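**Q** Below: one structure in structure tokens.
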There are 4 protein chains.
Amino acid sequence: MTRKYSVILGNLGNTCDRFCSSYKDNPSTQEMLAAAVKIPHVQGIELVGTWDVTPENAKEMHNVLDGHGVQCVSVIPDLFADRLYWKGSYSSTDATVRQKAIDDTRAMCEAASVLNCDLLNIWPGQDGYDYLLAADYEKQREWLCEAIQTLATEYPAMRFALEYKPKEPRTHSYLARMADTLLLAQETGCDNVGVTIDTGHAFNAGEVVGESIVLAKRAGNRLMHMHFNDNHAAWDDDMIVGSVHTVCYIEMLYWLDRCGYDGYFSMDQYPYREDAAGCIGESIEWLIQFDEILTQNHQKISALLADPDPIATSRFLRSVLV
Amino acid sequence: MTRKYSVILGNLGNTCDRFCSSYKDNPSTQEMLAAAVKIPHVQGIELVGTWDVTPENAKEMHNVLDGHGVQCVSVIPDLFADRLYWKGSYSSTDATVRQKAIDDTRAMCEAASVLNCDLLNIWPGQDGYDYLLAADYEKQREWLCEAIQTLATEYPAMRFALEYKPKEPRTHSYLARMADTLLLAQETGCDNVGVTIDTGHAFNAGEVVGESIVLAKRAGNRLMHMHFNDNHAAWDDDMIVGSVHTVCYIEMLYWLDRCGYDGYFSMDQYPYREDAAGCIGESIEWLIQFDEILTQNHQKISALLADPDPIATSRFLRSVLV
Amino acid sequence: MTRKYSVILGNLGNTCDRFCSSYKDNPSTQEMLAAAVKIPHVQGIELVGTWDVTPENAKEMHNVLDGHGVQCVSVIPDLFADRLYWKGSYSSTDATVRQKAIDDTRAMCEAASVLNCDLLNIWPGQDGYDYLLAADYEKQREWLCEAIQTLATEYPAMRFALEYKPKEPRTHSYLARMADTLLLAQETGCDNVGVTIDTGHAFNAGEVVGESIVLAKRAGNRLMHMHFNDNHAAWDDDMIVGSVHTVCYIEMLYWLDRCGYDGYFSMDQYPYREDAAGCIGESIEWLIQFDEILTQNHQKISALLADPDPIATSRFLRSVLV
Amino acid sequence: MTRKYSVILGNLGNTCDRFCSSYKDNPSTQEMLAAAVKIPHVQGIELVGTWDVTPENAKEMHNVLDGHGVQCVSVIPDLFADRLYWKGSYSSTDATVRQKAIDDTRAMCEAASVLNCDLLNIWPGQDGYDYLLAADYEKQREWLCEAIQTLATEYPAMRFALEYKPKEPRTHSYLARMADTLLLAQETGCDNVGVTIDTGHAFNAGEVVGESIVLAKRAGNRLMHMHFNDNHAAWDDDMIVGSVHTVCYIEMLYWLDRCGYDGYFSMDQYPYREDAAGCIGESIEWLIQFDEILTQNHQKISALLADPDPIATSRFLRSVLV
């Protein structure tokens with residue numbers, strides 16, 4: 001499988017957390033873009049709408065990307081940084097807010113069209129709850145489902161990849177794991193609704209990504225997009241690929257191939273205190289090297305899975321890793 | 001909602017772990033049954049097949065239960081203690097083992113019929129994997145699905161409640177959480193396939209049970225059975241209800257009612273070092289008292305969920321708890 | 001034991017996270033103070049230096065607090081929000097930064113003196129590491145220890161309460177848990193170095209707070225301060241006391257009494273989307289009600305601990321809780 | 001540093017869990033020993049008293065080990081499988097049980113002497129608690145400390161390595177993590193009391209083992225023994241080294257060297273469903289290969305730690321791993 005690598009533009013920007021409001025300086029969109037396209041192997045860019053792209057500047061942004069020789073891989077509507085969505089977007093208890101979330105996404109569908117991009121990466125990060133006995137899970141899930149259905153029906157040429165994450169910024173997200181996100185995708189009845197795996201979100205959810213890829217395939221081949229990063233499993237640390245985990249990336253690549261994934265490998269990190277381009281570049285290099293292991297050992301791995309023996313697996317891993 | 005309480009018979013038996021082979025003495029089935037029916041409020045019993053019930057003794061067991069004035073609530077085929085299933089039952093890579101697992105379940109369907117019981121509680125505890133790169137997630141999930149479909153089609157009058165659990169005895173189970181189990185239930189295309197929530201398994205899976213109940217309702221009203229216990233969240237400690245968690249039980253009972261659950265409340269504990277009847281009795285008493293809170297505050301809780309405000313929720317909880 | 005309640009002033013301020021830069025509006029120090037002192041039972045305030053207090057305004061702040069009839073309970077040097085400390089303060093690999101961290105703390109010792117406050121609450125949140133193979137644990141721990149020793153020796157009338165936390169903002173903190181913080185306190189050889197328990201940090205560290213209190217007592221009676229909040233255990237959610245946990249607060253209060261803790265009960269929350277004064281007020285009310293249970297059942301609880309029987313404990317908890 | 005490899009004899013035996021009483025067959029001590037010494041690189045054996053060794057058979061066992069050309073590396077008193085210790089050994093509320101635990105350990109000290117072994121590996125697995133408000137943490141910790149002190153004083157030529165583990169078989173162990181175990185070791189006032197790191201226990205405790213090694217060094221050079229295995233972090237899965245984690249083993253070996261550890265590298269696994277000798281052999285091979293990386297890159301690693309840059313670390317890891 002030929003791989004295509006991309007990066008979310010905002011990865012090149014400033015970082016902060018709830019304690020420190022700014023670890024770095026604020027670069028402009030143009031500066032971030034210039035830095036992004038210089039990273040070896042990067043062929044595509046993901047844009048967050050309204051930060052990086054608006055319906056107004058979409059044409060211009062298209063030309064800029066074109067000039068850099070990169071593609072717009074996805075547009076990500078901002079449903080998480082806008083204070084208006086602090087208690088949810090599509091599933092807000094406030095009908096006006098729900099409407100605005102749908103309208104904002106519509107605008108991003110239009111922008112994506114202009115950018116020749118057919119993928120909306122939907123991360124409804126504020127849609128969830130913090131406290132027990134303080135949310136109507138049934139109604140809110142219904143609203144969330146209806147919104148996605150409305151959008152997917154209205155924009156049949158667009159693909160809607162729902163990005164799940166178990167927590168943060170809410171203590172509990174409605175789209176928390178692969179399987180519940182697939183259930184919702186199926187409920188919409190729309191074939192153009194699928195899932196984005198962010199590897200770190202999956203680790204944090206306790207998932208073995210190889211198995212999550214299989215779930216997506218069995219539920220109607222719904223894996224639409226991949227975000228790569230690593231973490232210590234307890235939180236979405238958004239670190240360099242390979243910093244913590246090793247074996248599961250090899251397994252993950254095997255299953256992406258076997259399940260026929262042909263989308264982008266997009267880097268999504270949050271380098272609080274590190275050089276962003278350096279981190280993203282490293283992640284891509286790890287993935288390339290893991291892929292080399294895979295290319296040279298595809299049959300061996302298939303054989304290991306067909307006739308499981310952890311000792312044989314261990315022997316194989318030692319031979320390719322250390 | 002009138003509640004019906006039951007207990008898994010084996011809860012009254014001996015306990016062990018991988019270090020100590022026996023913490024207590026081994027009572028006979030008759031002794032366990034005598035102890036179980038003495039626990040206040042117990043109206044039903046769950047039996048593990050071949051330990052407690054076989055096709056041969058089913059008629060006799062039926063009479064014994066009848067004599068005690070209790071119902072057989074479910075039959076649980078032993079897919080976890082039989083050494084034959086050490087690497088999986090329905091999803092074993094060995095076709096002979098898969099066949100035996102189906103045949104064993106058939107026998108338990110027959111036994112359940114004799115016992116006037118229409119519920120098979122299926123816990124395929126050995127169906128999963130321990131090591132990365134040592135299982136074919138796709139093929140094994142397919143086998144698991146086919147087996148359930150075969151059984152559910154063959155026994156249309158029987159209901160098959162799949163009990164999920166994230167781990168133990170394997171490091172990863174195929175039926176790990178509510179949502180992936182619902183996906184599999186839907187794939188069978190059989191309405192008589194549903195889910196058992198074991199509250200401790202759900203806690204260990206990081207689920208808020210109230211939300212899991214909603215997922216089951218939205219996926220075709222598939223919640224069929226409830227197992228109650230508590231734990232410290234990191235493992236399936238199988239402790240007395242209310243020992244660790246408080247608020248989420250109240251929330252859970254609210255959602256069971258709202259989603260129309262009318263099955264048994266079955267106790268499933270593993271009192272390693274405690275008096276078993278005492279533990280089970282305590283769990284039932286907690287649930288009864290939580291239900292009293294619910295009965296007196298149903299409207300208040302509905303209002304708290306409709307218009308979320310964690311401070312109002314806190315005030316309410318203080319008023320009913322401390 | 002008579003309880004004294006306090007709050008960290010910043011709790012009344014704006015909130016943010018790495019996605020959304022501002023969930024609320026920015027109140028002035030005076031506005032926060034006015035809101036804080038209106039919360040029933042609040043008798044003390046914790047100030048973060050240089051946000052709330054500087055050596056320059058300490059005298060004035062003292063008068064303001066006096067005017068409100070509240071005490072300065074602790075001063076918290078800002079070792080976490082200043083971008084200079086992004087890779088550590090006392091344990092930075094940069095000697096200039098380490099020196100500045102010590103100097104900043106000295107300034108806060110002076111300010112505390114003026115405020116008639118003998119407690120420095122030290123939270124070196126940036127002192128830790130994110131990546132494996134990217135920190136010299138030995139050298140950095142040594143620097144951290146030396147800095148505390150220097151300060152504690154220089155200000156013998158001041159008490160230095162080290163606040164531990166397993167992670168955030170770093171993926172790993174050097175002062176991560178009660179026991180490692182006690183080891184460091186002992187290494188300083190200074191009796192005026194102790195520990196602050198933040199209940200949420202302790203939950204996140206997998207601690208049973210009752211046991212942590214005992215550890216502190218056995219290590220030279222080093223528990224100096226208490227921060228109260230609640231969370232879902234997986235992260236420092238900084239929620240209202242009692243929102244998630246119940247039983248462990250009762251146990252915790254018992255052990256605070258038994259180990260002779262006579263300091264403040266300080267509220268430390270981060271109400272992202274809630275009314276701050278409401279949240280803090282609720283937390284205090286929970287603690288008051290838990291204390292009532294304790295007062296009425298002190299002997300019973302002592303008996304339960306002396307002759308452990310989880311069934312008796314369960315019966316007791318039901319009698320006081322539901 | 002020259003490495004010496006050993007294995008706990010029982011690793012070669014039968015396996016079980018609380019569901020299935022026997023996954024394998026029961027080999028004799030002689031059969032296990034024959035299998036153990038055939039594993040390449042194994043030079044030492046750890047024996048569990050009274051399973052493998054008793055004061056009565058110690059002389060004979062010594063001759064047998066001698067005949068096989070292997071050393072007795074440690075003796076592990078059985079404080080976990082004997083039903084008598086179900087609610088604790090040294091910290092039991094029953095004084096008779098506490099006395100027996102001390103006497104049993106004394107017998108093992110005598111046996112160790114006969115075996116020319118100066119290391120007692122103490123794992124008080126049953127010493128802990130399961131339920132909240134059902135243990136006197138203060139008194140029980142005191143008893144635990146006194147017992148260790150008594151033994152260490154009585155056998156000054158023997159070294160007592162306390163093996164910590166956060167949970168299992170109890171939901172909470174008294175010796176849970178490196179730091180609290182060091183506190184207790186220091187409290188005994190005995191230099192011959194130290195700590196065993198079981199890598200899997202440390203992962204399960206959320207520790208970065210490199211840092212734990214540093215803590216032990218700073219607390220009086222108290223690291224006495226190493227048990228190696230791997231797991232998925234959520235539980236003590238006792239798997240083959242390298243199956244899940246990679247980077248942290250390299251880091252761990254670096255710190256063992258830097259802190260001057262010169263004891264055995266002992267394998268401690270629990271191969272539920274795998275060939276035991278195969279698993280243990282694999283673990284040793286991983287460690288040998290990790291050590292080769294270390295040998296060739298010692299200076300590079302030291303430089304990475306002295307001047308932290310996660311991108312440089314990543315580049316290094318890619319160069320040695322993939």
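Here, A, B, ... name the chains of the structure tokens in the order displayed, residue numbers run from 1 inside each chain, and ligands are numbered from 1 in the same displayed order.
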Fit chain D to chain B, using all C-alpha atoms paired in sequence order for the least-squares superposition, and then show me the result as a short mmCIF file (atom, residue, chain, number, x, y, z; two decimals) with C-alpha atoms, in the first residue's frame.
**A**
data_model
loop_
_atom_site.label_atom_id
_atom_site.label_comp_id
_atom_site.auth_asym_id
_atom_site.auth_seq_id
_atom_site.Cartn_x
_atom_site.Cartn_y
_atom_site.Cartn_z
CA MET D 1 -40.97 -0.85 38.63
CA THR D 2 -41.21 -3.96 40.81
CA ARG D 3 -37.80 -5.46 41.28
CA LYS D 4 -36.97 -9.14 41.27
CA TYR D 5 -33.72 -10.25 42.90
CA SER D 6 -31.67 -13.31 42.12
CA VAL D 7 -28.18 -14.70 42.62
CA ILE D 8 -25.73 -16.88 40.73
CA LEU D 9 -25.54 -20.09 42.69
CA GLY D 10 -21.76 -20.38 42.50
CA ASN D 11 -21.43 -17.15 44.49
CA LEU D 12 -22.18 -19.26 47.54
CA GLY D 13 -19.32 -21.65 46.81
CA ASN D 14 -15.62 -21.83 47.46
CA THR D 15 -13.24 -19.13 46.25
CA CYS D 16 -9.67 -19.15 45.00
CA ASP D 17 -7.19 -17.18 42.96
CA ARG D 18 -4.05 -18.02 41.04
CA PHE D 19 -2.01 -17.98 44.25
CA CYS D 20 -4.25 -19.75 46.73
CA SER D 21 -6.24 -22.73 45.50
CA SER D 22 -8.96 -22.58 48.14
CA TYR D 23 -9.92 -19.87 50.60
CA LYS D 24 -12.99 -21.68 51.85
CA ASP D 25 -14.54 -25.14 51.87
CA ASN D 26 -16.38 -26.76 48.99
CA PRO D 27 -20.11 -26.85 49.63
CA SER D 28 -22.42 -29.09 47.62
CA THR D 29 -24.94 -27.68 45.16
CA GLN D 30 -27.66 -28.47 47.69
CA GLU D 31 -25.86 -26.58 50.43
CA MET D 32 -25.31 -23.56 48.20
CA LEU D 33 -28.95 -23.60 47.21
CA ALA D 34 -30.12 -23.80 50.79
CA ALA D 35 -27.92 -20.82 51.63
CA ALA D 36 -29.08 -18.85 48.59
CA VAL D 37 -32.78 -19.13 49.18
CA LYS D 38 -32.37 -17.99 52.78
CA ILE D 39 -31.07 -14.61 51.63
CA PRO D 40 -33.93 -12.10 52.02
CA HIS D 41 -35.60 -11.04 48.77
CA VAL D 42 -34.00 -13.75 46.61
CA GLN D 43 -36.61 -15.09 44.19
CA GLY D 44 -34.42 -16.48 41.47
CA ILE D 45 -31.26 -18.48 40.87
CA GLU D 46 -28.78 -18.55 37.99
CA LEU D 47 -27.19 -21.90 37.30
CA VAL D 48 -23.88 -22.63 35.67
CA GLY D 49 -24.04 -25.62 33.37
CA THR D 50 -22.48 -28.29 33.91
CA TRP D 51 -21.51 -27.41 37.46
CA ASP D 52 -25.02 -26.94 38.76
CA VAL D 53 -27.13 -28.30 35.97
CA THR D 54 -26.83 -30.85 33.16
CA PRO D 55 -29.40 -31.99 30.64
CA GLU D 56 -29.61 -35.12 32.77
CA ASN D 57 -30.40 -33.48 36.10
CA ALA D 58 -32.41 -30.54 34.75
CA LYS D 59 -35.78 -32.03 35.59
CA GLU D 60 -34.65 -32.85 39.11
CA MET D 61 -33.12 -29.41 39.53
CA HIS D 62 -36.36 -27.87 38.38
CA ASN D 63 -38.21 -29.71 41.11
CA VAL D 64 -35.65 -28.70 43.69
CA LEU D 65 -35.91 -25.02 42.74
CA ASP D 66 -39.68 -25.34 42.75
CA GLY D 67 -39.54 -26.85 46.18
CA HIS D 68 -37.60 -23.82 47.36
CA GLY D 69 -40.08 -21.50 45.66
CA VAL D 70 -37.47 -19.92 43.40
CA GLN D 71 -37.19 -19.57 39.67
CA CYS D 72 -34.32 -20.44 37.37
CA VAL D 73 -33.41 -17.00 36.04
CA SER D 74 -30.73 -17.98 33.59
CA VAL D 75 -28.48 -20.81 32.61
CA ILE D 76 -24.81 -19.96 32.10
CA PRO D 77 -22.95 -22.46 29.91
CA ASP D 78 -19.46 -23.10 31.23
CA LEU D 79 -17.23 -21.63 28.54
CA PHE D 80 -14.56 -20.49 30.98
CA ALA D 81 -13.68 -23.16 33.56
CA ASP D 82 -13.32 -26.10 31.21
CA ARG D 83 -9.65 -26.45 30.31
CA LEU D 84 -10.65 -27.34 26.78
CA TYR D 85 -11.63 -23.70 26.23
CA TRP D 86 -8.34 -22.29 27.48
CA LYS D 87 -7.70 -20.49 24.19
CA GLY D 88 -11.28 -19.66 23.34
CA SER D 89 -14.61 -21.38 22.85
CA TYR D 90 -16.78 -20.08 19.98
CA SER D 91 -13.76 -18.28 18.55
CA SER D 92 -11.13 -20.96 19.10
CA THR D 93 -8.80 -21.49 16.16
CA ASP D 94 -9.60 -25.18 16.58
CA ALA D 95 -12.80 -26.10 14.71
CA THR D 96 -13.45 -29.06 17.01
CA VAL D 97 -13.41 -26.80 20.03
CA ARG D 98 -15.73 -24.32 18.36
CA GLN D 99 -18.13 -27.14 17.58
CA LYS D 100 -18.02 -28.39 21.15
CA ALA D 101 -18.75 -24.90 22.47
CA ILE D 102 -21.85 -24.75 20.31
CA ASP D 103 -22.89 -28.24 21.33
CA ASP D 104 -22.36 -27.48 25.02
CA THR D 105 -24.55 -24.40 24.65
CA ARG D 106 -27.19 -26.40 22.84
CA ALA D 107 -27.28 -28.80 25.79
CA MET D 108 -27.77 -25.85 28.09
CA CYS D 109 -30.60 -24.54 25.92
CA GLU D 110 -32.28 -27.88 26.37
CA ALA D 111 -31.65 -27.82 30.09
CA ALA D 112 -33.00 -24.28 30.33
CA SER D 113 -36.18 -25.37 28.58
CA VAL D 114 -36.72 -28.07 31.15
CA LEU D 115 -36.13 -25.46 33.84
CA ASN D 116 -38.77 -23.16 32.31
CA CYS D 117 -36.08 -20.62 31.74
CA ASP D 118 -35.79 -18.68 28.50
CA LEU D 119 -32.53 -16.87 29.22
CA LEU D 120 -29.04 -18.09 28.35
CA ASN D 121 -26.39 -15.86 29.91
CA ILE D 122 -23.38 -16.22 27.63
CA TRP D 123 -20.01 -15.23 29.02
CA PRO D 124 -17.30 -16.34 26.58
CA GLY D 125 -14.56 -15.40 29.02
CA GLN D 126 -11.78 -17.27 27.27
CA ASP D 127 -12.60 -15.71 23.90
CA GLY D 128 -10.03 -13.01 23.49
CA TYR D 129 -6.27 -12.71 23.35
CA ASP D 130 -3.33 -11.98 25.60
CA TYR D 131 -0.49 -10.92 23.33
CA LEU D 132 -0.25 -8.44 20.47
CA LEU D 133 0.38 -9.90 17.02
CA ALA D 134 -0.94 -13.24 18.20
CA ALA D 135 -4.58 -13.30 17.13
CA ASP D 136 -6.59 -12.90 13.96
CA TYR D 137 -9.19 -10.45 15.26
CA GLU D 138 -11.21 -10.62 12.07
CA LYS D 139 -11.55 -14.34 11.75
CA GLN D 140 -12.13 -14.93 15.43
CA ARG D 141 -14.81 -12.27 15.68
CA GLU D 142 -16.47 -13.82 12.66
CA TRP D 143 -16.47 -17.26 14.30
CA LEU D 144 -17.86 -15.80 17.51
CA CYS D 145 -20.61 -14.05 15.63
CA GLU D 146 -21.51 -17.13 13.59
CA ALA D 147 -21.78 -19.32 16.67
CA ILE D 148 -24.16 -16.93 18.39
CA GLN D 149 -26.19 -16.61 15.20
CA THR D 150 -26.39 -20.39 14.80
CA LEU D 151 -27.61 -20.83 18.35
CA ALA D 152 -30.06 -17.93 18.31
CA THR D 153 -31.55 -19.14 15.05
CA GLU D 154 -31.84 -22.67 16.30
CA TYR D 155 -33.48 -21.67 19.59
CA PRO D 156 -35.79 -18.80 18.69
CA ALA D 157 -37.70 -19.08 21.96
CA MET D 158 -34.53 -18.65 23.95
CA ARG D 159 -32.96 -15.24 24.62
CA PHE D 160 -29.16 -15.03 24.46
CA ALA D 161 -27.71 -12.37 26.71
CA LEU D 162 -24.04 -11.74 25.93
CA GLU D 163 -22.08 -10.69 29.00
CA TYR D 164 -19.21 -8.38 28.15
CA LYS D 165 -16.06 -7.84 30.19
CA PRO D 166 -12.93 -6.01 29.11
CA LYS D 167 -10.42 -8.52 30.47
CA GLU D 168 -9.79 -11.54 32.70
CA PRO D 169 -9.10 -14.36 32.23
CA ARG D 170 -7.61 -13.04 28.92
CA THR D 171 -5.82 -9.69 28.87
CA HIS D 172 -8.34 -8.65 26.18
CA SER D 173 -11.83 -10.08 25.60
CA TYR D 174 -13.62 -10.00 22.27
CA LEU D 175 -16.84 -8.99 23.97
CA ALA D 176 -15.24 -6.17 25.90
CA ARG D 177 -17.75 -3.36 26.23
CA MET D 178 -21.40 -2.56 25.71
CA ALA D 179 -20.99 -1.01 22.27
CA ASP D 180 -18.89 -3.72 20.62
CA THR D 181 -21.23 -6.35 22.03
CA LEU D 182 -24.20 -4.51 20.55
CA LEU D 183 -22.45 -4.40 17.18
CA LEU D 184 -22.06 -8.16 17.30
CA ALA D 185 -25.64 -8.68 18.46
CA GLN D 186 -26.84 -6.62 15.51
CA GLU D 187 -24.62 -8.51 13.11
CA THR D 188 -26.32 -11.77 14.04
CA GLY D 189 -29.55 -10.33 12.70
CA CYS D 190 -31.37 -12.07 15.54
CA ASP D 191 -33.70 -10.21 17.86
CA ASN D 192 -33.20 -12.79 20.57
CA VAL D 193 -29.57 -11.79 21.00
CA GLY D 194 -28.92 -9.08 23.57
CA VAL D 195 -26.61 -8.04 26.34
CA THR D 196 -26.02 -8.62 30.05
CA ILE D 197 -24.54 -5.73 32.00
CA ASP D 198 -22.35 -6.80 34.87
CA THR D 199 -21.94 -3.51 36.70
CA GLY D 200 -18.39 -4.31 37.75
CA HIS D 201 -17.37 -5.27 34.23
CA ALA D 202 -18.81 -1.97 33.04
CA PHE D 203 -16.91 0.03 35.72
CA ASN D 204 -13.74 -1.81 34.74
CA ALA D 205 -14.43 -0.90 31.11
CA GLY D 206 -14.63 2.77 32.07
CA GLU D 207 -18.34 2.95 31.33
CA VAL D 208 -20.97 5.06 33.02
CA VAL D 209 -23.63 2.39 33.28
CA GLY D 210 -26.48 4.83 32.77
CA GLU D 211 -25.08 5.63 29.36
CA SER D 212 -24.51 1.96 28.53
CA ILE D 213 -28.17 1.27 29.26
CA VAL D 214 -29.12 4.01 26.79
CA LEU D 215 -26.85 2.53 24.12
CA ALA D 216 -28.56 -0.84 24.53
CA LYS D 217 -31.98 0.70 24.21
CA ARG D 218 -31.07 2.63 21.07
CA ALA D 219 -29.63 -0.51 19.48
CA GLY D 220 -32.96 -2.30 19.49
CA ASN D 221 -33.80 -2.56 23.17
CA ARG D 222 -31.19 -5.24 23.75
CA LEU D 223 -30.58 -5.09 27.49
CA MET D 224 -31.65 -8.52 28.72
CA HIS D 225 -30.06 -9.05 32.08
CA MET D 226 -28.27 -7.34 34.98
CA HIS D 227 -25.47 -8.62 37.22
CA PHE D 228 -24.70 -6.46 40.24
CA ASN D 229 -21.48 -5.96 42.18
CA ASP D 230 -18.95 -3.22 42.84
CA ASN D 231 -15.20 -2.74 42.46
CA HIS D 232 -12.34 -0.25 42.63
CA ALA D 233 -12.64 0.20 38.83
CA ALA D 234 -9.19 -1.15 38.01
CA TRP D 235 -10.30 -4.79 38.09
CA ASP D 236 -13.34 -7.01 38.45
CA ASP D 237 -13.13 -7.19 42.25
CA ASP D 238 -16.70 -8.51 42.53
CA MET D 239 -17.44 -6.69 45.77
CA ILE D 240 -20.59 -5.74 47.68
CA VAL D 241 -22.73 -3.13 45.88
CA GLY D 242 -22.14 0.31 47.40
CA SER D 243 -18.73 -0.48 48.86
CA VAL D 244 -16.96 1.88 46.51
CA HIS D 245 -19.50 3.62 44.28
CA THR D 246 -22.64 5.41 45.36
CA VAL D 247 -23.93 8.02 42.94
CA CYS D 248 -23.69 5.94 39.81
CA TYR D 249 -26.00 3.25 41.23
CA ILE D 250 -28.75 5.80 41.73
CA GLU D 251 -28.23 7.02 38.19
CA MET D 252 -28.15 3.47 36.86
CA LEU D 253 -31.47 2.55 38.49
CA TYR D 254 -33.04 5.69 37.03
CA TRP D 255 -31.96 4.69 33.53
CA LEU D 256 -33.04 1.08 33.95
CA ASP D 257 -36.51 2.35 34.73
CA ARG D 258 -36.57 4.96 32.03
CA CYS D 259 -35.42 2.45 29.41
CA GLY D 260 -38.04 -0.05 30.56
CA TYR D 261 -35.82 -2.80 31.94
CA ASP D 262 -38.02 -5.39 33.61
CA GLY D 263 -35.66 -8.32 34.12
CA TYR D 264 -34.05 -9.66 37.26
CA PHE D 265 -31.50 -7.84 39.39
CA SER D 266 -29.05 -10.65 39.82
CA MET D 267 -26.17 -10.61 42.30
CA ASP D 268 -22.82 -11.73 40.95
CA GLN D 269 -20.03 -11.46 43.46
CA TYR D 270 -16.91 -13.33 44.40
CA PRO D 271 -16.48 -13.00 48.17
CA TYR D 272 -12.90 -14.30 48.41
CA ARG D 273 -12.64 -13.88 52.17
CA GLU D 274 -16.16 -12.96 53.26
CA ASP D 275 -19.38 -14.70 54.14
CA ALA D 276 -21.05 -15.08 50.77
CA ALA D 277 -24.67 -14.93 51.87
CA GLY D 278 -23.86 -11.84 53.94
CA CYS D 279 -22.30 -10.09 50.94
CA ILE D 280 -25.15 -10.90 48.60
CA GLY D 281 -27.73 -9.88 51.17
CA GLU D 282 -25.96 -6.55 51.66
CA SER D 283 -25.91 -5.88 47.92
CA ILE D 284 -29.65 -6.42 47.68
CA GLU D 285 -30.28 -4.14 50.65
CA TRP D 286 -28.23 -1.36 49.03
CA LEU D 287 -30.22 -1.70 45.82
CA ILE D 288 -33.50 -1.58 47.74
CA GLN D 289 -32.43 1.58 49.53
CA PHE D 290 -31.16 3.19 46.33
CA ASP D 291 -34.54 2.33 44.79
CA GLU D 292 -36.30 4.09 47.65
CA ILE D 293 -34.34 7.23 46.88
CA LEU D 294 -35.31 6.86 43.26
CA THR D 295 -38.99 6.29 43.98
CA GLN D 296 -39.16 9.41 46.10
CA ASN D 297 -37.24 11.57 43.67
CA HIS D 298 -38.00 10.37 40.18
CA GLN D 299 -39.25 13.71 38.94
CA LYS D 300 -36.46 15.63 40.60
CA ILE D 301 -33.89 13.47 38.87
CA SER D 302 -35.56 13.84 35.50
CA ALA D 303 -35.48 17.60 35.99
CA LEU D 304 -31.78 17.48 36.91
CA LEU D 305 -30.98 15.64 33.69
CA ALA D 306 -33.10 17.87 31.50
CA ASP D 307 -31.43 21.06 32.67
CA PRO D 308 -27.94 20.07 33.76
CA ASP D 309 -26.33 21.97 36.62
CA PRO D 310 -23.75 20.05 38.64
CA ILE D 311 -24.38 22.29 41.65
CA ALA D 312 -28.06 21.39 41.69
CA THR D 313 -27.14 17.74 41.30
CA SER D 314 -24.72 18.02 44.19
CA ARG D 315 -27.35 19.66 46.39
CA PHE D 316 -29.79 16.90 45.55
CA LEU D 317 -27.28 14.15 46.26
CA ARG D 318 -26.40 15.67 49.62
CA SER D 319 -30.06 15.77 50.51
CA VAL D 320 -30.57 12.07 49.82
CA LEU D 321 -27.20 10.67 50.82
CA VAL D 322 -25.59 12.35 53.79
#
**Q** Give me every helix (DSSP H, G or I) residue in segment 227-308 of chain C, going by DSSP on the backbone, as JSON, numbers by chain.
**A** {"C": [247, 248, 249, 250, 251, 252, 253, 254, 255, 256, 257, 258, 276, 277, 278, 279, 280, 281, 282, 283, 284, 285, 286, 287, 288, 289, 290, 291, 292, 293, 294, 295, 296, 297, 298, 299, 300, 301, 302, 303, 304, 305, 306]}
**Q** Go through segment 12-207 of chain D and collect every residue that DSSP, computed from the backbone, puts in strand (DSSP E or B); the answer should be as a ChimeraX atom specification.
**A** /D:42-49,53,71-77,119-122,128-129,159-163,172-173,193-198
